[in-house]
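A.B. asks: For reference, the file upload-v6.cif (mmCIF, N, CA and C atoms) is included below:
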```cif
data_input
#
loop_
_atom_site.label_atom_id
_atom_site.label_comp_id
_atom_site.auth_asym_id
_atom_site.auth_seq_id
_atom_site.Cartn_x
_atom_site.Cartn_y
_atom_site.Cartn_z
N MET A 1 6.60 3.36 -11.11
CA MET A 1 7.18 4.68 -10.88
C MET A 1 8.58 4.56 -10.30
N GLY A 2 8.86 3.46 -9.55
CA GLY A 2 10.18 3.29 -8.96
C GLY A 2 11.27 3.18 -10.00
N SER A 3 10.97 2.47 -11.12
CA SER A 3 11.98 2.34 -12.17
C SER A 3 12.21 3.69 -12.85
N GLN A 4 11.16 4.50 -12.99
CA GLN A 4 11.33 5.84 -13.56
C GLN A 4 12.26 6.67 -12.69
N LYS A 5 12.07 6.62 -11.38
CA LYS A 5 12.93 7.36 -10.46
C LYS A 5 14.38 6.92 -10.62
N ARG A 6 14.62 5.61 -10.67
CA ARG A 6 16.00 5.11 -10.82
C ARG A 6 16.61 5.61 -12.13
N LEU A 7 15.84 5.55 -13.22
CA LEU A 7 16.34 6.02 -14.51
C LEU A 7 16.65 7.51 -14.49
N LEU A 8 15.75 8.31 -13.89
CA LEU A 8 15.98 9.75 -13.81
C LEU A 8 17.19 10.07 -12.92
N ASP A 9 17.34 9.33 -11.82
CA ASP A 9 18.51 9.53 -10.96
C ASP A 9 19.81 9.24 -11.72
N LYS A 10 19.81 8.13 -12.49
CA LYS A 10 21.00 7.79 -13.27
C LYS A 10 21.29 8.86 -14.34
N LEU A 11 20.24 9.34 -14.99
CA LEU A 11 20.40 10.38 -16.01
C LEU A 11 20.97 11.66 -15.40
N ASN A 12 20.45 12.04 -14.25
CA ASN A 12 20.95 13.24 -13.57
C ASN A 12 22.40 13.07 -13.15
N GLU A 13 22.74 11.87 -12.69
CA GLU A 13 24.13 11.60 -12.30
C GLU A 13 25.05 11.70 -13.52
N LYS A 14 24.61 11.12 -14.63
CA LYS A 14 25.42 11.16 -15.86
C LYS A 14 25.60 12.60 -16.34
N ARG A 15 24.55 13.40 -16.24
CA ARG A 15 24.61 14.81 -16.68
C ARG A 15 25.24 15.71 -15.63
N GLU A 16 25.50 15.13 -14.46
CA GLU A 16 26.06 15.89 -13.33
C GLU A 16 25.16 17.05 -12.93
N THR A 17 23.86 16.77 -12.88
CA THR A 17 22.89 17.76 -12.44
C THR A 17 22.32 17.34 -11.10
N LYS A 18 21.95 18.32 -10.31
CA LYS A 18 21.39 18.05 -8.99
C LYS A 18 19.89 18.33 -9.03
N VAL A 19 19.14 17.28 -9.27
CA VAL A 19 17.69 17.36 -9.31
C VAL A 19 17.14 16.29 -8.38
N MET A 20 16.30 16.70 -7.43
CA MET A 20 15.66 15.76 -6.52
C MET A 20 14.55 15.05 -7.30
N VAL A 21 14.55 13.74 -7.26
CA VAL A 21 13.52 12.94 -7.92
C VAL A 21 12.77 12.19 -6.82
N PRO A 22 11.73 12.82 -6.26
CA PRO A 22 11.01 12.18 -5.15
C PRO A 22 10.30 10.90 -5.58
N SER A 23 10.23 9.97 -4.66
CA SER A 23 9.49 8.73 -4.86
C SER A 23 8.02 8.98 -4.60
N SER A 24 7.19 8.19 -5.23
CA SER A 24 5.76 8.16 -4.91
C SER A 24 5.57 7.01 -3.93
N THR A 25 5.06 7.32 -2.75
CA THR A 25 4.93 6.33 -1.69
C THR A 25 3.46 6.18 -1.31
N LEU A 26 3.05 4.95 -1.04
CA LEU A 26 1.67 4.68 -0.62
C LEU A 26 1.59 4.64 0.90
N MET A 27 0.47 5.14 1.42
CA MET A 27 0.21 5.09 2.85
C MET A 27 -1.28 4.87 3.05
N GLN A 28 -1.63 4.37 4.22
CA GLN A 28 -3.04 4.15 4.54
C GLN A 28 -3.50 5.22 5.52
N HIS A 29 -4.60 5.90 5.18
CA HIS A 29 -5.14 6.95 6.06
C HIS A 29 -5.58 6.29 7.37
N PRO A 30 -5.13 6.83 8.52
CA PRO A 30 -5.43 6.17 9.79
C PRO A 30 -6.91 6.15 10.15
N SER A 31 -7.68 7.13 9.72
CA SER A 31 -9.10 7.19 10.07
C SER A 31 -10.00 6.44 9.09
N THR A 32 -9.76 6.68 7.80
CA THR A 32 -10.67 6.13 6.78
C THR A 32 -10.21 4.79 6.22
N GLY A 33 -8.91 4.50 6.33
CA GLY A 33 -8.39 3.27 5.74
C GLY A 33 -8.09 3.40 4.26
N ASP A 34 -8.39 4.58 3.66
CA ASP A 34 -8.10 4.80 2.24
C ASP A 34 -6.59 4.75 2.00
N VAL A 35 -6.22 4.21 0.85
CA VAL A 35 -4.81 4.18 0.46
C VAL A 35 -4.54 5.41 -0.41
N LEU A 36 -3.53 6.19 -0.01
CA LEU A 36 -3.19 7.43 -0.69
C LEU A 36 -1.71 7.40 -1.08
N SER A 37 -1.39 8.12 -2.15
CA SER A 37 0.01 8.26 -2.54
C SER A 37 0.50 9.63 -2.10
N HIS A 38 1.79 9.69 -1.79
CA HIS A 38 2.37 11.00 -1.43
C HIS A 38 3.83 11.05 -1.90
N CYS A 39 4.30 12.28 -2.02
CA CYS A 39 5.71 12.52 -2.32
C CYS A 39 6.15 13.72 -1.49
N ILE A 40 7.44 13.99 -1.51
CA ILE A 40 7.98 15.11 -0.74
C ILE A 40 8.65 16.10 -1.67
N TRP A 41 8.23 17.37 -1.55
CA TRP A 41 8.86 18.47 -2.29
C TRP A 41 9.83 19.14 -1.35
N GLN A 42 11.11 19.03 -1.65
CA GLN A 42 12.15 19.58 -0.77
C GLN A 42 12.53 20.99 -1.20
N MET A 43 12.42 21.93 -0.28
CA MET A 43 12.76 23.32 -0.51
C MET A 43 14.25 23.47 -0.81
N GLY A 44 14.57 24.40 -1.73
CA GLY A 44 15.96 24.74 -1.99
C GLY A 44 16.66 23.86 -3.01
N MET A 45 15.92 22.95 -3.64
CA MET A 45 16.49 22.06 -4.68
C MET A 45 15.55 22.01 -5.86
N ASP A 46 16.11 21.78 -7.05
CA ASP A 46 15.24 21.46 -8.18
C ASP A 46 14.59 20.12 -7.89
N ASN A 47 13.29 20.02 -8.11
CA ASN A 47 12.55 18.79 -7.85
C ASN A 47 11.76 18.39 -9.09
N LEU A 48 11.67 17.09 -9.35
CA LEU A 48 10.81 16.55 -10.39
C LEU A 48 9.71 15.75 -9.69
N LEU A 49 8.60 16.42 -9.40
CA LEU A 49 7.54 15.79 -8.61
C LEU A 49 6.68 14.84 -9.44
N PRO A 50 6.41 13.65 -8.90
CA PRO A 50 5.44 12.78 -9.55
C PRO A 50 4.03 13.24 -9.14
N ARG A 51 3.03 12.87 -9.92
CA ARG A 51 1.65 13.18 -9.54
C ARG A 51 1.24 12.19 -8.45
N THR A 52 0.88 12.73 -7.29
CA THR A 52 0.45 11.92 -6.16
C THR A 52 -0.81 12.55 -5.56
N ASP A 53 -1.44 11.85 -4.64
CA ASP A 53 -2.62 12.42 -3.98
C ASP A 53 -2.22 13.60 -3.10
N ILE A 54 -1.11 13.44 -2.37
CA ILE A 54 -0.67 14.45 -1.41
C ILE A 54 0.80 14.78 -1.65
N VAL A 55 1.15 16.05 -1.49
CA VAL A 55 2.55 16.48 -1.54
C VAL A 55 2.91 17.03 -0.17
N MET A 56 3.94 16.45 0.43
CA MET A 56 4.45 16.95 1.70
C MET A 56 5.51 18.00 1.39
N LEU A 57 5.44 19.14 2.06
CA LEU A 57 6.36 20.25 1.83
C LEU A 57 7.44 20.22 2.89
N CYS A 58 8.68 20.12 2.45
CA CYS A 58 9.79 19.86 3.36
C CYS A 58 10.81 20.99 3.36
N ASN A 59 11.16 21.46 4.55
CA ASN A 59 12.27 22.39 4.75
C ASN A 59 13.34 21.60 5.49
N PRO A 60 14.37 21.09 4.77
CA PRO A 60 15.35 20.23 5.41
C PRO A 60 16.20 20.92 6.47
N GLU A 61 16.21 22.24 6.48
CA GLU A 61 16.99 22.96 7.49
C GLU A 61 16.27 23.00 8.84
N ASN A 62 14.99 22.69 8.83
CA ASN A 62 14.21 22.68 10.07
C ASN A 62 14.30 21.26 10.65
N LEU A 63 15.37 20.98 11.34
CA LEU A 63 15.66 19.62 11.80
C LEU A 63 14.60 19.08 12.76
N ALA A 64 14.02 19.93 13.57
CA ALA A 64 13.03 19.47 14.54
C ALA A 64 11.75 19.00 13.86
N ARG A 65 11.40 19.68 12.77
CA ARG A 65 10.16 19.34 12.07
C ARG A 65 10.30 19.72 10.60
N PRO A 66 10.91 18.86 9.79
CA PRO A 66 11.17 19.23 8.39
C PRO A 66 9.92 19.36 7.53
N ILE A 67 8.85 18.62 7.83
CA ILE A 67 7.61 18.75 7.05
C ILE A 67 6.86 19.96 7.57
N VAL A 68 6.82 21.01 6.73
CA VAL A 68 6.20 22.28 7.16
C VAL A 68 4.78 22.44 6.64
N GLY A 69 4.32 21.53 5.79
CA GLY A 69 2.97 21.61 5.27
C GLY A 69 2.67 20.43 4.36
N GLN A 70 1.42 20.39 3.93
CA GLN A 70 0.99 19.34 3.01
C GLN A 70 -0.18 19.88 2.20
N ALA A 71 -0.36 19.32 1.02
CA ALA A 71 -1.45 19.77 0.16
C ALA A 71 -1.79 18.68 -0.84
N SER A 72 -3.01 18.74 -1.34
CA SER A 72 -3.34 17.84 -2.43
C SER A 72 -2.54 18.30 -3.65
N PHE A 73 -2.17 17.37 -4.48
CA PHE A 73 -1.37 17.70 -5.66
C PHE A 73 -2.08 18.75 -6.52
N ASP A 74 -3.37 18.53 -6.79
CA ASP A 74 -4.11 19.44 -7.66
C ASP A 74 -4.18 20.85 -7.09
N ALA A 75 -4.46 20.97 -5.79
CA ALA A 75 -4.53 22.30 -5.16
C ALA A 75 -3.18 22.99 -5.20
N LEU A 76 -2.12 22.22 -4.96
CA LEU A 76 -0.77 22.79 -4.98
C LEU A 76 -0.40 23.30 -6.37
N MET A 77 -0.71 22.53 -7.40
CA MET A 77 -0.39 22.94 -8.76
C MET A 77 -1.20 24.18 -9.17
N ARG A 78 -2.46 24.25 -8.74
CA ARG A 78 -3.27 25.46 -9.02
C ARG A 78 -2.65 26.67 -8.32
N GLU A 79 -2.22 26.49 -7.09
CA GLU A 79 -1.64 27.59 -6.31
C GLU A 79 -0.31 28.06 -6.90
N MET A 80 0.50 27.12 -7.37
CA MET A 80 1.82 27.46 -7.90
C MET A 80 1.75 27.95 -9.34
N ASP A 81 0.65 27.67 -10.02
CA ASP A 81 0.34 28.18 -11.36
C ASP A 81 1.50 27.98 -12.33
N ASP A 82 2.04 29.05 -12.86
CA ASP A 82 3.08 28.96 -13.90
C ASP A 82 4.49 28.75 -13.34
N ALA A 83 4.64 28.69 -12.02
CA ALA A 83 5.97 28.56 -11.43
C ALA A 83 6.55 27.16 -11.59
N VAL A 84 5.68 26.16 -11.83
CA VAL A 84 6.13 24.80 -12.06
C VAL A 84 5.70 24.38 -13.46
N GLU A 85 6.41 23.43 -14.03
CA GLU A 85 6.17 23.06 -15.42
C GLU A 85 6.15 21.55 -15.58
N MET A 86 5.16 21.03 -16.31
CA MET A 86 5.09 19.60 -16.55
C MET A 86 6.18 19.20 -17.54
N GLU A 87 6.91 18.14 -17.19
CA GLU A 87 7.98 17.63 -18.03
C GLU A 87 7.44 16.50 -18.90
N PRO A 88 8.00 16.32 -20.08
CA PRO A 88 7.52 15.26 -20.99
C PRO A 88 8.08 13.88 -20.63
N THR A 89 7.79 13.42 -19.45
CA THR A 89 8.19 12.08 -19.03
C THR A 89 6.95 11.20 -19.00
N ALA A 90 7.14 9.90 -18.94
CA ALA A 90 6.01 8.99 -18.84
C ALA A 90 6.26 8.06 -17.66
N PRO A 91 5.46 8.13 -16.62
CA PRO A 91 4.39 9.11 -16.40
C PRO A 91 4.97 10.51 -16.19
N PRO A 92 4.12 11.53 -16.36
CA PRO A 92 4.62 12.91 -16.27
C PRO A 92 5.10 13.27 -14.87
N ARG A 93 6.06 14.19 -14.86
CA ARG A 93 6.55 14.79 -13.61
C ARG A 93 6.54 16.29 -13.80
N TRP A 94 6.55 17.01 -12.68
CA TRP A 94 6.49 18.47 -12.71
C TRP A 94 7.80 19.02 -12.17
N LEU A 95 8.44 19.88 -12.97
CA LEU A 95 9.70 20.49 -12.57
C LEU A 95 9.41 21.68 -11.67
N CYS A 96 9.94 21.63 -10.47
CA CYS A 96 9.82 22.70 -9.49
C CYS A 96 11.22 23.25 -9.25
N PRO A 97 11.55 24.41 -9.84
CA PRO A 97 12.90 24.96 -9.69
C PRO A 97 13.25 25.25 -8.23
N LYS A 98 14.56 25.25 -7.94
CA LYS A 98 15.00 25.42 -6.55
C LYS A 98 14.61 26.76 -5.96
N ASP A 99 14.36 27.76 -6.80
CA ASP A 99 13.98 29.07 -6.27
C ASP A 99 12.46 29.24 -6.20
N VAL A 100 11.73 28.14 -6.35
CA VAL A 100 10.27 28.16 -6.26
C VAL A 100 9.84 27.23 -5.12
N PHE A 101 9.00 27.74 -4.24
CA PHE A 101 8.45 26.95 -3.14
C PHE A 101 7.27 27.75 -2.60
N PRO A 102 6.22 27.08 -2.12
CA PRO A 102 5.10 27.85 -1.58
C PRO A 102 5.54 28.79 -0.45
N THR A 103 4.95 29.98 -0.43
CA THR A 103 5.23 30.94 0.64
C THR A 103 4.59 30.43 1.93
N PRO A 104 4.98 30.97 3.08
CA PRO A 104 4.33 30.55 4.33
C PRO A 104 2.81 30.73 4.28
N GLU A 105 2.36 31.81 3.65
CA GLU A 105 0.91 32.05 3.55
C GLU A 105 0.25 30.97 2.69
N GLN A 106 0.90 30.60 1.60
CA GLN A 106 0.36 29.54 0.74
C GLN A 106 0.36 28.20 1.47
N ILE A 107 1.39 27.94 2.25
CA ILE A 107 1.47 26.67 2.99
C ILE A 107 0.32 26.59 3.99
N VAL A 108 0.06 27.66 4.70
CA VAL A 108 -1.05 27.67 5.67
C VAL A 108 -2.37 27.47 4.94
N LYS A 109 -2.56 28.18 3.83
CA LYS A 109 -3.79 28.07 3.04
C LYS A 109 -3.98 26.64 2.53
N LEU A 110 -2.94 26.05 1.98
CA LEU A 110 -3.02 24.72 1.40
C LEU A 110 -3.14 23.62 2.44
N SER A 111 -2.45 23.78 3.56
CA SER A 111 -2.42 22.73 4.58
C SER A 111 -3.69 22.69 5.41
N GLY A 112 -4.38 23.81 5.50
CA GLY A 112 -5.60 23.85 6.29
C GLY A 112 -5.30 24.11 7.75
N GLU A 113 -6.33 24.42 8.48
CA GLU A 113 -6.18 24.78 9.89
C GLU A 113 -5.75 23.61 10.75
N GLY A 114 -6.01 22.38 10.31
CA GLY A 114 -5.67 21.22 11.12
C GLY A 114 -4.20 20.87 11.11
N PHE A 115 -3.44 21.47 10.23
CA PHE A 115 -2.01 21.16 10.15
C PHE A 115 -1.25 22.21 10.94
N GLU A 116 -0.64 21.80 12.04
CA GLU A 116 0.06 22.74 12.90
C GLU A 116 1.54 22.82 12.53
N ALA A 117 2.00 24.02 12.27
CA ALA A 117 3.41 24.25 11.98
C ALA A 117 3.80 25.58 12.60
N PRO A 118 4.00 25.62 13.93
CA PRO A 118 4.28 26.89 14.59
C PRO A 118 5.55 27.57 14.12
N GLU A 119 6.48 26.80 13.56
CA GLU A 119 7.73 27.39 13.12
C GLU A 119 7.65 27.93 11.70
N ILE A 120 6.46 28.02 11.13
CA ILE A 120 6.30 28.42 9.73
C ILE A 120 6.83 29.82 9.47
N LYS A 121 6.69 30.73 10.42
CA LYS A 121 7.19 32.10 10.20
C LYS A 121 8.72 32.11 10.08
N ASP A 122 9.41 31.35 10.94
CA ASP A 122 10.87 31.25 10.83
C ASP A 122 11.27 30.59 9.51
N ALA A 123 10.51 29.56 9.12
CA ALA A 123 10.80 28.88 7.86
C ALA A 123 10.58 29.85 6.70
N GLY A 124 9.57 30.72 6.82
CA GLY A 124 9.29 31.69 5.77
C GLY A 124 10.43 32.67 5.56
N LYS A 125 11.02 33.13 6.64
CA LYS A 125 12.15 34.06 6.54
C LYS A 125 13.33 33.36 5.88
N LYS A 126 13.61 32.14 6.32
CA LYS A 126 14.71 31.37 5.76
C LYS A 126 14.45 31.08 4.28
N LEU A 127 13.19 30.77 3.96
CA LEU A 127 12.81 30.51 2.58
C LEU A 127 13.08 31.72 1.69
N GLN A 128 12.69 32.90 2.14
CA GLN A 128 12.92 34.11 1.36
C GLN A 128 14.41 34.33 1.11
N GLU A 129 15.23 34.07 2.12
CA GLU A 129 16.69 34.21 1.96
C GLU A 129 17.22 33.20 0.95
N MET A 130 16.74 31.96 1.02
CA MET A 130 17.19 30.92 0.10
C MET A 130 16.76 31.24 -1.34
N ILE A 131 15.54 31.74 -1.50
CA ILE A 131 15.05 32.09 -2.83
C ILE A 131 15.87 33.23 -3.41
N ALA A 132 16.16 34.24 -2.61
CA ALA A 132 16.97 35.37 -3.08
C ALA A 132 18.35 34.88 -3.52
N GLU A 133 18.95 34.00 -2.74
CA GLU A 133 20.26 33.45 -3.08
C GLU A 133 20.19 32.62 -4.37
N ALA A 134 19.13 31.83 -4.52
CA ALA A 134 18.98 31.01 -5.73
C ALA A 134 18.80 31.89 -6.96
N HIS A 135 18.05 33.00 -6.82
CA HIS A 135 17.87 33.94 -7.94
C HIS A 135 19.22 34.55 -8.34
N LYS A 136 20.02 34.94 -7.35
CA LYS A 136 21.34 35.50 -7.64
C LYS A 136 22.21 34.49 -8.38
N GLN A 137 22.17 33.24 -7.91
CA GLN A 137 22.96 32.19 -8.54
C GLN A 137 22.51 31.95 -9.97
N ARG A 138 21.19 31.92 -10.20
CA ARG A 138 20.66 31.69 -11.54
C ARG A 138 21.06 32.83 -12.47
N GLU A 139 20.98 34.08 -12.00
CA GLU A 139 21.38 35.24 -12.81
C GLU A 139 22.87 35.17 -13.16
N LYS A 140 23.68 34.75 -12.19
CA LYS A 140 25.12 34.61 -12.41
C LYS A 140 25.39 33.56 -13.48
N GLU A 141 24.70 32.40 -13.40
CA GLU A 141 24.89 31.34 -14.37
C GLU A 141 24.44 31.78 -15.76
N GLU A 142 23.32 32.51 -15.84
CA GLU A 142 22.83 32.98 -17.13
C GLU A 142 23.81 33.98 -17.75
N LEU A 143 24.38 34.86 -16.92
CA LEU A 143 25.36 35.81 -17.41
C LEU A 143 26.60 35.10 -17.93
N GLN A 144 27.06 34.08 -17.20
CA GLN A 144 28.23 33.32 -17.63
C GLN A 144 27.97 32.62 -18.95
N GLU A 145 26.77 32.09 -19.14
CA GLU A 145 26.42 31.42 -20.40
C GLU A 145 26.44 32.41 -21.56
N LYS A 146 25.93 33.61 -21.33
CA LYS A 146 25.91 34.64 -22.37
C LYS A 146 27.31 35.07 -22.75
N LEU A 147 28.19 35.11 -21.76
CA LEU A 147 29.57 35.54 -22.03
C LEU A 147 30.38 34.48 -22.78
N LEU A 148 29.96 33.23 -22.65
CA LEU A 148 30.69 32.14 -23.32
C LEU A 148 30.21 32.02 -24.69
#
```
Can you give me the file's structure in the form of structure tokens?
C.D. replies:
Amino acid sequence: MGSQKRLLDKLNEKRETKVMVPSSTLMQHPSTGDVLSHCIWQMGMDNLLPRTDIVMLCNPENLARPIVGQASFDALMREMDDAVEMEPTAPPRWLCPKDVFPTPEQIVKLSGEGFEAPEIKDAGKKLQEMIAEAHKQREKEELQEKLL
């Protein structure tokens, strides 16, 4: 998967596109000893997520605690439904547009009661502002394309 990330990063650089290509990282569960894979979905950027056991949800503007939630990949994809799209890469990746990110309610639901994120309400307000701005930008770009 590391070589795929490098190739996608180079392709994005050549195309001059800004797409986050998260790495798939292995970790050992502290209680069970199970080895799990995880990646990070960063809010406010287009992301190409690899399929992993766990997806960490990141708000980079929250400097004190950027990871605002976590979810199993399958549960997250079910929750996000049609908002994300599988890309024809090998292995497959899922395109998560910059204006798509789980809502604070979805983060709490997906992360479970054991995951504490007291700043989630502030992150939710900031998220809504970022999504609104991304929608405006996308509409502006689509209008410019139509005019050209």
A.B. asks: Run the PyMOL selection byres (((chain A and resi 75 and name CA) around 12) and name CA) mentally over the shown coordinates, then write out the matched residues as a list of chain:residue names, using the chain letters and numbers from the document.
C.D. replies: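 So the PyMOL selection byres (((chain A and resi 75 and name CA) around 12) and name CA) ends up selecting A:Arg51, A:Thr52, A:Asp53, A:Ile54, A:Val55, A:Gln70, A:Ala71, A:Ser72, A:Phe73, A:Asp74, A:Leu76, A:Met77, A:Arg78, A:Glu79, A:Met80, A:Asp81, A:Pro102, A:Gln106, A:Ile107, A:Lys109, A:Leu110, A:Ser111, A:Gly112.
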A.B. asks: Output N, CA and C atoms of each residue in that selection to a file, as an mmCIF file, in the frame of the given file.
C.D. replies:
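Below you can see selection08.cif, which holds the result:
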```cif
data_model
loop_
_atom_site.group_PDB
_atom_site.id
_atom_site.type_symbol
_atom_site.label_atom_id
_atom_site.label_comp_id
_atom_site.auth_asym_id
_atom_site.auth_seq_id
_atom_site.Cartn_x
_atom_site.Cartn_y
_atom_site.Cartn_z
ATOM 1 N N ARG A 51 3.030 12.870 -9.920
ATOM 2 C CA ARG A 51 1.650 13.180 -9.540
ATOM 3 C C ARG A 51 1.240 12.190 -8.450
ATOM 4 N N THR A 52 0.880 12.730 -7.290
ATOM 5 C CA THR A 52 0.450 11.920 -6.160
ATOM 6 C C THR A 52 -0.810 12.550 -5.560
ATOM 7 N N ASP A 53 -1.440 11.850 -4.640
ATOM 8 C CA ASP A 53 -2.620 12.420 -3.980
ATOM 9 C C ASP A 53 -2.220 13.600 -3.100
ATOM 10 N N ILE A 54 -1.110 13.440 -2.370
ATOM 11 C CA ILE A 54 -0.670 14.450 -1.410
ATOM 12 C C ILE A 54 0.800 14.780 -1.650
ATOM 13 N N VAL A 55 1.150 16.050 -1.490
ATOM 14 C CA VAL A 55 2.550 16.480 -1.540
ATOM 15 C C VAL A 55 2.910 17.030 -0.170
ATOM 16 N N GLN A 70 1.420 20.390 3.930
ATOM 17 C CA GLN A 70 0.990 19.340 3.010
ATOM 18 C C GLN A 70 -0.180 19.880 2.200
ATOM 19 N N ALA A 71 -0.360 19.320 1.020
ATOM 20 C CA ALA A 71 -1.450 19.770 0.160
ATOM 21 C C ALA A 71 -1.790 18.680 -0.840
ATOM 22 N N SER A 72 -3.010 18.740 -1.340
ATOM 23 C CA SER A 72 -3.340 17.840 -2.430
ATOM 24 C C SER A 72 -2.540 18.300 -3.650
ATOM 25 N N PHE A 73 -2.170 17.370 -4.480
ATOM 26 C CA PHE A 73 -1.370 17.700 -5.660
ATOM 27 C C PHE A 73 -2.080 18.750 -6.520
ATOM 28 N N ASP A 74 -3.370 18.530 -6.790
ATOM 29 C CA ASP A 74 -4.110 19.440 -7.660
ATOM 30 C C ASP A 74 -4.180 20.850 -7.090
ATOM 31 N N LEU A 76 -2.120 22.220 -4.960
ATOM 32 C CA LEU A 76 -0.770 22.790 -4.980
ATOM 33 C C LEU A 76 -0.400 23.300 -6.370
ATOM 34 N N MET A 77 -0.710 22.530 -7.400
ATOM 35 C CA MET A 77 -0.390 22.940 -8.760
ATOM 36 C C MET A 77 -1.200 24.180 -9.170
ATOM 37 N N ARG A 78 -2.460 24.250 -8.740
ATOM 38 C CA ARG A 78 -3.270 25.460 -9.020
ATOM 39 C C ARG A 78 -2.650 26.670 -8.320
ATOM 40 N N GLU A 79 -2.220 26.490 -7.090
ATOM 41 C CA GLU A 79 -1.640 27.590 -6.310
ATOM 42 C C GLU A 79 -0.310 28.060 -6.900
ATOM 43 N N MET A 80 0.500 27.120 -7.370
ATOM 44 C CA MET A 80 1.820 27.460 -7.900
ATOM 45 C C MET A 80 1.750 27.950 -9.340
ATOM 46 N N ASP A 81 0.650 27.670 -10.020
ATOM 47 C CA ASP A 81 0.340 28.180 -11.360
ATOM 48 C C ASP A 81 1.500 27.980 -12.330
ATOM 49 N N PRO A 102 6.220 27.080 -2.120
ATOM 50 C CA PRO A 102 5.100 27.850 -1.580
ATOM 51 C C PRO A 102 5.540 28.790 -0.450
ATOM 52 N N GLN A 106 0.900 30.600 1.600
ATOM 53 C CA GLN A 106 0.360 29.540 0.740
ATOM 54 C C GLN A 106 0.360 28.200 1.470
ATOM 55 N N ILE A 107 1.390 27.940 2.250
ATOM 56 C CA ILE A 107 1.470 26.670 2.990
ATOM 57 C C ILE A 107 0.320 26.590 3.990
ATOM 58 N N LYS A 109 -2.560 28.180 3.830
ATOM 59 C CA LYS A 109 -3.790 28.070 3.040
ATOM 60 C C LYS A 109 -3.980 26.640 2.530
ATOM 61 N N LEU A 110 -2.940 26.050 1.980
ATOM 62 C CA LEU A 110 -3.020 24.720 1.400
ATOM 63 C C LEU A 110 -3.140 23.620 2.440
ATOM 64 N N SER A 111 -2.450 23.780 3.560
ATOM 65 C CA SER A 111 -2.420 22.730 4.580
ATOM 66 C C SER A 111 -3.690 22.690 5.410
ATOM 67 N N GLY A 112 -4.380 23.810 5.500
ATOM 68 C CA GLY A 112 -5.600 23.850 6.290
ATOM 69 C C GLY A 112 -5.300 24.110 7.750
#
```
A.B. asks: Could you please determine the separation between atom CA of Glu85 of chain A and atom CA of Leu48 of chain A in Å, to one decimal place?
C.D. replies: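 These atoms are spaced 9.4 Å apart.
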A.B. asks: Written as a CSV table (one decimal) with N, CA and C atoms, keeping the file's coordinate frame, what is the full residue list that the PyMOL selection byres ((chain A and resi 68) around 5) yields on the file shown?
C.D. replies:
```csv
chain,number,residue,atom,x,y,z
A,57,LEU,N,5.4,19.1,2.1
A,57,LEU,CA,6.4,20.2,1.8
A,57,LEU,C,7.4,20.2,2.9
A,58,CYS,N,8.7,20.1,2.4
A,58,CYS,CA,9.8,19.9,3.4
A,58,CYS,C,10.8,21.0,3.4
A,59,ASN,N,11.2,21.5,4.6
A,59,ASN,CA,12.3,22.4,4.8
A,59,ASN,C,13.3,21.6,5.5
A,66,PRO,N,10.9,18.9,9.8
A,66,PRO,CA,11.2,19.2,8.4
A,66,PRO,C,9.9,19.4,7.5
A,67,ILE,N,8.8,18.6,7.8
A,67,ILE,CA,7.6,18.8,7.0
A,67,ILE,C,6.9,20.0,7.6
A,69,GLY,N,4.3,21.5,5.8
A,69,GLY,CA,3.0,21.6,5.3
A,69,GLY,C,2.7,20.4,4.4
A,70,GLN,N,1.4,20.4,3.9
A,70,GLN,CA,1.0,19.3,3.0
A,70,GLN,C,-0.2,19.9,2.2
```
A.B. asks: Take the PyMOL selection byres ((chain A and resi 24) around 6), apply it to the structure above, and return the hits as a PyMOL selection string.
C.D. replies: chain A and resi 22-23+25-26+37-39
A.B. asks: Could you check how far atom CA of Val84 of chain A sits from atom CA of Val100 of chain A, in Å to one decimal?
C.D. replies: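 Between atom CA of Val84 of chain A and atom CA of Val100 of chain A the gap is 7.9 Å.
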A.B. asks: Quick one: distance from atom CA of Ala83 of chain A to atom CA of Val35 of chain A in Å, one decimal?
C.D. replies: 29.2 Å
A.B. asks: Measuring atom to atom with only C-alpha atoms, identify which of A:Leu49, A:Cys96, A:Val108, A:Ala134 is nearest to Asp82 of chain A.
C.D. replies: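 Comparing A:Leu49, A:Cys96, A:Val108, A:Ala134 against Asp82 of chain A, the winner is A:Cys96.
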A.B. asks: As AutoDock Vina command-line options, what would the box around segment 102-110 of chain A look like: edges along x, y and z, 5 Å added on every side, centre and edge lengths in Å to one decimal?
C.D. replies:
```
--center_x 1.1 --center_y 27.8 --center_z 1.8 --size_x 20.2 --size_y 18.4 --size_z 17.8
```
